[in-house]
Amino acid sequence: MPINSFENYPMSWKPNKTQLKTPIYLSIANLLEYDIVNGYLAPNTKLPPQRELADYLDINLSTITRAFKICELKGLIYGTTGRGTFVSPNAGSIISISDCRTEKSYIEMGIIKPFDQNNSLVVNTAKSVLSKGYAEKLLDYTYPLGTPYHKSAAKKWLKKYNIDADIENIAITSGAQNALAVILISLFHSGDKIAVDVYTYPNFIELANMLDIQLIPIKGDNVGMKPEELDAQCKLNNIQGIYLMPSCSNPTGTLMNMERKQELAEIIKKNNLLLIEDDIYYFLNPENYISITSFVPEQSIYINSISKSLCSGIRVAFIVYPGKYSENITRGIYNINLKTSALNVEIIAEMINTGIADQIVEDKISASKERNQIYKRYFKIENSNENPVSLFRWLPLKQKFNANQFEKDALEQGIHIYHSDRFLVGNYKEKQFLRVALSSANNSDELGKGLAILKNILSGKTDKTNINSLII
């Protein structure tokens, strides 16, 4: 088809031909990425058919296919058989979640803050550590994976939560996100595929996008990821790994039962997948809870972070891995962060060995129970399989909203909250949710006021009360 026949032809996206450079496929991918990230292509926009674009640019169809594949691996677009290719729902914005506002005139229900009222106990422990004669030795480069003493404390802590690991198979990283970066860089390659829940941890999505690792969304139910869906996708795609948060999935809060964990473990074995089990909410587990790692220890990397359980500002996580991955993980830690601050780890080890850590966990669970009771006064918990002491709730919406606009409107009403599109991997879902953080309000009264505002918004009441008069 002649090029000029497309000059006045309506197309949802027309790349500027004068900006194309060799290699053409990469140039097209870069132009598409630019238009998506900068908001020129809205989420869920249907892109022109690949053949139509190829005719418009007067190039081979395979060039367009190659360009689209690059953007798909970055999570910018997705294809649906029989319907076409679409801009991903969260592709036009930064989906990683962080708290960067210095002045707040709203109630926080978006960022999950883990009850930091126990930080005075952490400060006292830090003072005790700094008063010890060997404190200076905690400031050097030795033992990049953790000292024997620190690993022994980690082993003791892990055993409380039914992870019995050898010290040689434990490494210490600067928090869970650092652990995820180490694992992905050390054990995966650009173009690899990792299975995830349809709604998953947004910082993991962002990290995978940065490393050109493709996330394959697997459908689930009220208990978690469906084993048969995982098995089917393993047959359709060359999947190398799987990422799960079974004790309290972020954002859905799902607490996976024993039967489902065993079923998924069998699929993991069958398809030789590498499991990344992110167990950051392990301390909220019921007694005798068993991890998926326990069923597939030779195919799993287990992450246990203390940022939610003990102290958010001390970035320490313990990872457990089989010996066959030791060399790669050691190399990753050496090259990414050299070592985690031994001073930070010493403080955590002291808390574990003196019992202060147990006290903090008990206080946090008690506070979370109270916050969940407040939530139940305003909203029904739809999924009985959500962790009963979760720090957040997954609230189904009865009608569809524009995600970005809803968040902006809610902020104007006085609450900061996140729409489910921030957590979405793959195809657009008809049903929408809100992730409601319960632990982040300054106190229980403030949470109640925030939930009241949210209920008013969802019922159509948008009276703009001065939020400053509500916050204590």
# chains A, B, ... in the order shown; residues from 1 in each chain; ligands from 1
>>> residues_around(residues="stretch 236-247 of chain A", least_positions_apart="6", cutoff="6 Å", atoms="only C-alpha atoms", output="list of chain:residue names")
A:Lys193, A:Ile194, A:Ala195, A:Val196, A:Leu255, A:Met256, A:Leu273, A:Leu274, A:Leu275, A:Ile276, A:Glu277, A:Asp278, A:Asp279
>>> select_by_dssp(residues="stretch 230-337 of chain A", states="strand (DSSP E)", output="PyMOL selection string")
chain A and resi 241-244+274-278+300-305+317-320
>>> write_last_selection(atoms="N, CA and C atoms", output="short mmCIF file (atom, residue, chain, number, x, y, z; two decimals), in the first residue's frame")
data_model
loop_
_atom_site.label_atom_id
_atom_site.label_comp_id
_atom_site.auth_asym_id
_atom_site.auth_seq_id
_atom_site.Cartn_x
_atom_site.Cartn_y
_atom_site.Cartn_z
N GLY A 241 10.90 -18.67 36.27
CA GLY A 241 10.74 -18.47 37.70
C GLY A 241 9.32 -18.12 38.08
N ILE A 242 9.09 -18.01 39.38
CA ILE A 242 7.79 -17.63 39.91
C ILE A 242 8.00 -16.80 41.18
N TYR A 243 7.25 -15.71 41.30
CA TYR A 243 7.35 -14.81 42.45
C TYR A 243 6.04 -14.84 43.22
N LEU A 244 6.11 -15.14 44.52
CA LEU A 244 4.90 -15.26 45.34
C LEU A 244 5.10 -14.65 46.73
N LEU A 274 12.22 -21.65 39.37
CA LEU A 274 12.90 -21.12 40.54
C LEU A 274 11.91 -20.23 41.28
N LEU A 275 11.57 -20.61 42.50
CA LEU A 275 10.63 -19.84 43.32
C LEU A 275 11.34 -18.72 44.06
N ILE A 276 10.79 -17.52 43.95
CA ILE A 276 11.20 -16.40 44.81
C ILE A 276 10.05 -16.19 45.79
N GLU A 277 10.25 -16.59 47.04
CA GLU A 277 9.20 -16.44 48.05
C GLU A 277 9.51 -15.23 48.91
N ASP A 278 8.75 -14.18 48.69
CA ASP A 278 8.92 -12.92 49.42
C ASP A 278 8.00 -12.97 50.64
N SER A 300 14.16 -22.90 45.53
CA SER A 300 13.57 -21.69 46.12
C SER A 300 14.62 -20.76 46.70
N ILE A 301 14.33 -19.46 46.57
CA ILE A 301 15.05 -18.41 47.29
C ILE A 301 14.02 -17.77 48.22
N TYR A 302 14.28 -17.82 49.52
CA TYR A 302 13.33 -17.33 50.52
C TYR A 302 13.84 -16.01 51.09
N ILE A 303 12.94 -15.00 51.15
CA ILE A 303 13.31 -13.67 51.65
C ILE A 303 12.52 -13.37 52.91
N ASN A 304 13.22 -12.99 53.97
CA ASN A 304 12.61 -12.65 55.25
C ASN A 304 13.17 -11.29 55.68
N SER A 305 12.36 -10.24 55.49
CA SER A 305 12.81 -8.89 55.81
C SER A 305 12.26 -8.45 57.17
N ALA A 317 17.49 -7.75 55.57
CA ALA A 317 16.69 -8.92 55.20
C ALA A 317 17.60 -10.14 55.21
N PHE A 318 17.02 -11.29 55.51
CA PHE A 318 17.73 -12.57 55.46
C PHE A 318 17.22 -13.34 54.25
N ILE A 319 18.15 -13.85 53.45
CA ILE A 319 17.73 -14.71 52.33
C ILE A 319 18.32 -16.10 52.53
N VAL A 320 17.52 -17.09 52.19
CA VAL A 320 17.90 -18.50 52.31
C VAL A 320 17.89 -19.09 50.92
#
>>> select_by_dssp(residues="stretch 16-72 of chain A", states="helix (DSSP H, G or I)", output="PDB file with C-alpha atoms, in the first residue's frame")
ATOM      1  CA  LYS A  17       8.912   8.872  10.202  1.00  0.00           C
ATOM      2  CA  THR A  18      11.591  11.582  10.234  1.00  0.00           C
ATOM      3  CA  GLN A  19      12.748  10.400  13.673  1.00  0.00           C
ATOM      4  CA  ILE A  24      14.563   0.717  12.771  1.00  0.00           C
ATOM      5  CA  TYR A  25      12.930  -1.760  15.200  1.00  0.00           C
ATOM      6  CA  LEU A  26      14.735  -0.189  18.171  1.00  0.00           C
ATOM      7  CA  SER A  27      13.887   3.316  17.004  1.00  0.00           C
ATOM      8  CA  ILE A  28      10.181   2.412  16.775  1.00  0.00           C
ATOM      9  CA  ALA A  29      10.284   0.816  20.229  1.00  0.00           C
ATOM     10  CA  ASN A  30      11.898   3.954  21.686  1.00  0.00           C
ATOM     11  CA  LEU A  31       9.306   6.246  20.083  1.00  0.00           C
ATOM     12  CA  LEU A  32       6.463   4.093  21.373  1.00  0.00           C
ATOM     13  CA  GLU A  33       7.957   3.993  24.867  1.00  0.00           C
ATOM     14  CA  TYR A  34       8.401   7.779  24.852  1.00  0.00           C
ATOM     15  CA  ASP A  35       4.784   8.428  23.862  1.00  0.00           C
ATOM     16  CA  ILE A  36       3.465   6.020  26.517  1.00  0.00           C
ATOM     17  CA  VAL A  37       5.663   7.206  29.400  1.00  0.00           C
ATOM     18  CA  GLN A  50       1.067  -4.303  13.265  1.00  0.00           C
ATOM     19  CA  ARG A  51       0.493  -4.805   9.527  1.00  0.00           C
ATOM     20  CA  GLU A  52      -1.156  -1.402   9.291  1.00  0.00           C
ATOM     21  CA  LEU A  53       1.846   0.243  10.990  1.00  0.00           C
ATOM     22  CA  ALA A  54       4.232  -1.639   8.714  1.00  0.00           C
ATOM     23  CA  ASP A  55       2.345  -0.374   5.641  1.00  0.00           C
ATOM     24  CA  TYR A  56       2.265   3.163   7.005  1.00  0.00           C
ATOM     25  CA  LEU A  57       6.038   3.180   7.588  1.00  0.00           C
ATOM     26  CA  LEU A  61       6.020  -6.557   9.375  1.00  0.00           C
ATOM     27  CA  SER A  62       8.751  -8.392  11.328  1.00  0.00           C
ATOM     28  CA  THR A  63      10.321  -5.022  12.229  1.00  0.00           C
ATOM     29  CA  ILE A  64       7.103  -3.881  13.898  1.00  0.00           C
ATOM     30  CA  THR A  65       6.725  -7.238  15.635  1.00  0.00           C
ATOM     31  CA  ARG A  66      10.248  -6.947  17.019  1.00  0.00           C
ATOM     32  CA  ALA A  67       9.619  -3.387  18.273  1.00  0.00           C
ATOM     33  CA  PHE A  68       6.353  -4.373  19.942  1.00  0.00           C
ATOM     34  CA  LYS A  69       8.085  -7.300  21.649  1.00  0.00           C
ATOM     35  CA  ILE A  70      10.616  -4.952  23.275  1.00  0.00           C
ATOM     36  CA  CYS A  71       7.818  -2.785  24.670  1.00  0.00           C
ATOM     37  CA  GLU A  72       5.889  -5.850  25.813  1.00  0.00           C
TER      38      GLU A  72
END
>>> residues_around(residues="A:His419", least_positions_apart="3", cutoff="7 Å", atoms="only C-alpha atoms", output="PyMOL selection string")
chain A and resi 403+407+422+433-435
>>> closest_residue(among="A:Tyr321, A:Phe283, A:Ile268, A:Gly175", to="A:Val296", atoms="only C-alpha atoms")
A:Ile268
>>> residues_around(residues="A:Pro148", least_positions_apart="3", cutoff="8 Å", atoms="only C-alpha atoms", output="number ranges by chain")
A: 151-152, 167
>>> residues_around(residues="A:Ile347", least_positions_apart="6", cutoff="7 Å", atoms="only C-alpha atoms", output="PyMOL selection string")
chain A and resi 125-126+129
>>> write_last_selection(atoms="N, CA and C atoms", output="compact mmCIF listing (two decimals), in the first residue's frame")
# COMPACT_ATOMS: atom_id res chain seq x y z
N THR A 125 18.33 -0.10 71.86
CA THR A 125 19.20 -1.20 71.45
C THR A 125 20.41 -0.68 70.71
N ALA A 126 20.20 0.31 69.84
CA ALA A 126 21.31 0.91 69.10
C ALA A 126 22.33 1.55 70.04
N VAL A 129 24.39 -1.19 71.59
CA VAL A 129 25.37 -1.73 70.65
C VAL A 129 26.56 -0.78 70.51
>>> atom_distance(atom1="atom CA of A:Ile267", atom2="atom CA of A:Glu228")
8.3 Å
>>> closest_residue(among="A:Asn272, A:Ser174, A:Ser291, A:Asn250", to="A:Leu158", atoms="only C-alpha atoms")
A:Ser291
>>> residues_around(residues="stretch 370-373 of chain A", least_positions_apart="3", cutoff="7 Å", atoms="only C-alpha atoms", output="PDB file with C-alpha atoms, in the first residue's frame")
ATOM      1  CA  SER A 366      -2.093  -6.216  68.650  1.00  0.00           C
ATOM      2  CA  ALA A 367      -2.205  -2.833  66.888  1.00  0.00           C
ATOM      3  CA  LYS A 376     -14.917  -3.745  59.693  1.00  0.00           C
ATOM      4  CA  ARG A 377     -17.101  -0.939  61.049  1.00  0.00           C
ATOM      5  CA  VAL A 389      -4.254  -9.245  60.875  1.00  0.00           C
ATOM      6  CA  LEU A 438      -4.641   0.356  57.821  1.00  0.00           C
ATOM      7  CA  SER A 444      -6.923   4.781  65.337  1.00  0.00           C
TER       8      SER A 444
END
>>> atom_distance(atom1="atom CA of A:Gln117", atom2="atom CA of A:Lys308")
12.3 Å
>>> residues_around(residues="A:Phe86", least_positions_apart="4", cutoff="8 Å", atoms="only C-alpha atoms", output="PyMOL selection string")
chain A and resi 43-47+77-79
>>> atom_distance(atom1="atom CA of A:Ser440", atom2="atom CA of A:Pro114")
6.9 Å
>>> closest_residue(among="A:Cys311, A:Met351, A:Ile417, A:Leu451", to="A:Lys364", atoms="only C-alpha atoms")
A:Cys311
>>> closest_residue(among="A:Ile59, A:Val182, A:Gly460, A:Leu187", to="A:Pro23", atoms="only C-alpha atoms")
A:Ile59
>>> closest_residue(among="A:Ile112, A:Ile218, A:Met225, A:Leu230", to="A:Pro251", atoms="only C-alpha atoms")
A:Ile112
>>> closest_residue(among="A:Ile107, A:Lys431, A:Arg83, A:Gln413", to="A:Lys461", atoms="only C-alpha atoms")
A:Gln413
>>> decode(residues="stretch 250-339 of chain A", atoms="C-alpha atoms", output="PDB file, in the first residue's frame")
ATOM      1  CA  ASN A 250       0.611  -7.573  48.478  1.00  0.00           C
ATOM      2  CA  PRO A 251      -1.826  -6.091  47.444  1.00  0.00           C
ATOM      3  CA  THR A 252      -4.654  -8.629  47.935  1.00  0.00           C
ATOM      4  CA  GLY A 253      -3.831  -9.666  51.516  1.00  0.00           C
ATOM      5  CA  THR A 254      -4.481 -13.308  50.609  1.00  0.00           C
ATOM      6  CA  LEU A 255      -3.281 -15.938  53.092  1.00  0.00           C
ATOM      7  CA  MET A 256      -2.594 -19.056  51.035  1.00  0.00           C
ATOM      8  CA  ASN A 257      -3.720 -22.327  52.627  1.00  0.00           C
ATOM      9  CA  MET A 258      -1.607 -25.465  52.956  1.00  0.00           C
ATOM     10  CA  GLU A 259      -3.347 -27.370  50.173  1.00  0.00           C
ATOM     11  CA  ARG A 260      -2.741 -24.622  47.613  1.00  0.00           C
ATOM     12  CA  LYS A 261       0.917 -24.298  48.617  1.00  0.00           C
ATOM     13  CA  GLN A 262       1.470 -28.014  48.147  1.00  0.00           C
ATOM     14  CA  GLU A 263      -0.280 -27.937  44.757  1.00  0.00           C
ATOM     15  CA  LEU A 264       1.850 -25.023  43.568  1.00  0.00           C
ATOM     16  CA  ALA A 265       4.984 -26.739  44.854  1.00  0.00           C
ATOM     17  CA  GLU A 266       4.202 -29.724  42.636  1.00  0.00           C
ATOM     18  CA  ILE A 267       3.848 -27.476  39.577  1.00  0.00           C
ATOM     19  CA  ILE A 268       7.104 -25.721  40.479  1.00  0.00           C
ATOM     20  CA  LYS A 269       8.869 -29.098  40.640  1.00  0.00           C
ATOM     21  CA  LYS A 270       7.248 -30.355  37.456  1.00  0.00           C
ATOM     22  CA  ASN A 271       8.288 -27.311  35.407  1.00  0.00           C
ATOM     23  CA  ASN A 272      11.660 -26.789  37.114  1.00  0.00           C
ATOM     24  CA  LEU A 273      10.839 -23.228  38.153  1.00  0.00           C
ATOM     25  CA  LEU A 274      12.900 -21.117  40.543  1.00  0.00           C
ATOM     26  CA  LEU A 275      10.629 -19.843  43.321  1.00  0.00           C
ATOM     27  CA  ILE A 276      11.197 -16.402  44.807  1.00  0.00           C
ATOM     28  CA  GLU A 277       9.200 -16.445  48.049  1.00  0.00           C
ATOM     29  CA  ASP A 278       8.920 -12.922  49.421  1.00  0.00           C
ATOM     30  CA  ASP A 279       7.793 -13.465  53.018  1.00  0.00           C
ATOM     31  CA  ILE A 280       7.933  -9.898  54.308  1.00  0.00           C
ATOM     32  CA  TYR A 281       4.669 -10.389  56.245  1.00  0.00           C
ATOM     33  CA  TYR A 282       5.783 -13.678  57.841  1.00  0.00           C
ATOM     34  CA  PHE A 283       5.230 -12.290  61.360  1.00  0.00           C
ATOM     35  CA  LEU A 284       1.481 -12.054  60.681  1.00  0.00           C
ATOM     36  CA  ASN A 285       1.261 -15.783  59.924  1.00  0.00           C
ATOM     37  CA  PRO A 286      -0.852 -18.117  62.059  1.00  0.00           C
ATOM     38  CA  GLU A 287       1.029 -20.544  64.281  1.00  0.00           C
ATOM     39  CA  ASN A 288       2.595 -23.562  62.515  1.00  0.00           C
ATOM     40  CA  TYR A 289       2.473 -21.797  59.146  1.00  0.00           C
ATOM     41  CA  ILE A 290       4.643 -23.584  56.559  1.00  0.00           C
ATOM     42  CA  SER A 291       6.244 -21.765  53.635  1.00  0.00           C
ATOM     43  CA  ILE A 292       6.206 -22.991  50.029  1.00  0.00           C
ATOM     44  CA  THR A 293      10.006 -23.053  50.285  1.00  0.00           C
ATOM     45  CA  SER A 294       9.704 -25.938  52.754  1.00  0.00           C
ATOM     46  CA  PHE A 295       8.213 -28.082  49.964  1.00  0.00           C
ATOM     47  CA  VAL A 296      10.772 -27.104  47.283  1.00  0.00           C
ATOM     48  CA  PRO A 297      13.963 -26.130  49.191  1.00  0.00           C
ATOM     49  CA  GLU A 298      16.258 -26.885  46.236  1.00  0.00           C
ATOM     50  CA  GLN A 299      14.233 -24.667  43.887  1.00  0.00           C
ATOM     51  CA  SER A 300      13.569 -21.691  46.122  1.00  0.00           C
ATOM     52  CA  ILE A 301      15.047 -18.415  47.291  1.00  0.00           C
ATOM     53  CA  TYR A 302      13.331 -17.334  50.517  1.00  0.00           C
ATOM     54  CA  ILE A 303      13.307 -13.671  51.648  1.00  0.00           C
ATOM     55  CA  ASN A 304      12.608 -12.649  55.251  1.00  0.00           C
ATOM     56  CA  SER A 305      12.808  -8.886  55.811  1.00  0.00           C
ATOM     57  CA  ILE A 306      12.518  -7.070  59.151  1.00  0.00           C
ATOM     58  CA  SER A 307      11.285  -3.729  57.731  1.00  0.00           C
ATOM     59  CA  LYS A 308       7.613  -4.467  58.459  1.00  0.00           C
ATOM     60  CA  SER A 309       8.089  -6.704  61.509  1.00  0.00           C
ATOM     61  CA  LEU A 310      10.724  -4.792  63.523  1.00  0.00           C
ATOM     62  CA  CYS A 311      11.837  -1.433  62.089  1.00  0.00           C
ATOM     63  CA  SER A 312      11.180   0.157  58.699  1.00  0.00           C
ATOM     64  CA  GLY A 313      14.283   2.360  58.768  1.00  0.00           C
ATOM     65  CA  ILE A 314      16.833  -0.399  59.366  1.00  0.00           C
ATOM     66  CA  ARG A 315      17.229  -2.076  55.996  1.00  0.00           C
ATOM     67  CA  VAL A 316      17.987  -5.719  56.791  1.00  0.00           C
ATOM     68  CA  ALA A 317      16.688  -8.919  55.196  1.00  0.00           C
ATOM     69  CA  PHE A 318      17.727 -12.567  55.464  1.00  0.00           C
ATOM     70  CA  ILE A 319      17.730 -14.706  52.333  1.00  0.00           C
ATOM     71  CA  VAL A 320      17.902 -18.495  52.312  1.00  0.00           C
ATOM     72  CA  TYR A 321      19.060 -20.343  49.207  1.00  0.00           C
ATOM     73  CA  PRO A 322      20.326 -23.786  48.158  1.00  0.00           C
ATOM     74  CA  GLY A 323      24.091 -24.222  47.835  1.00  0.00           C
ATOM     75  CA  LYS A 324      23.979 -24.455  44.040  1.00  0.00           C
ATOM     76  CA  TYR A 325      23.144 -20.725  43.865  1.00  0.00           C
ATOM     77  CA  SER A 326      25.763 -19.641  46.397  1.00  0.00           C
ATOM     78  CA  GLU A 327      28.385 -18.490  43.907  1.00  0.00           C
ATOM     79  CA  ASN A 328      25.970 -16.398  41.841  1.00  0.00           C
ATOM     80  CA  ILE A 329      24.298 -14.793  44.851  1.00  0.00           C
ATOM     81  CA  THR A 330      27.651 -14.014  46.474  1.00  0.00           C
ATOM     82  CA  ARG A 331      28.815 -12.376  43.267  1.00  0.00           C
ATOM     83  CA  GLY A 332      25.567 -10.377  43.064  1.00  0.00           C
ATOM     84  CA  ILE A 333      25.914  -9.071  46.616  1.00  0.00           C
ATOM     85  CA  TYR A 334      29.575  -8.156  46.033  1.00  0.00           C
ATOM     86  CA  ASN A 335      28.713  -6.170  42.918  1.00  0.00           C
ATOM     87  CA  ILE A 336      25.450  -4.529  43.972  1.00  0.00           C
ATOM     88  CA  ASN A 337      26.016  -3.379  47.543  1.00  0.00           C
ATOM     89  CA  LEU A 338      29.262  -5.071  48.682  1.00  0.00           C
ATOM     90  CA  LYS A 339      27.709  -5.694  52.104  1.00  0.00           C
TER      91      LYS A 339
END
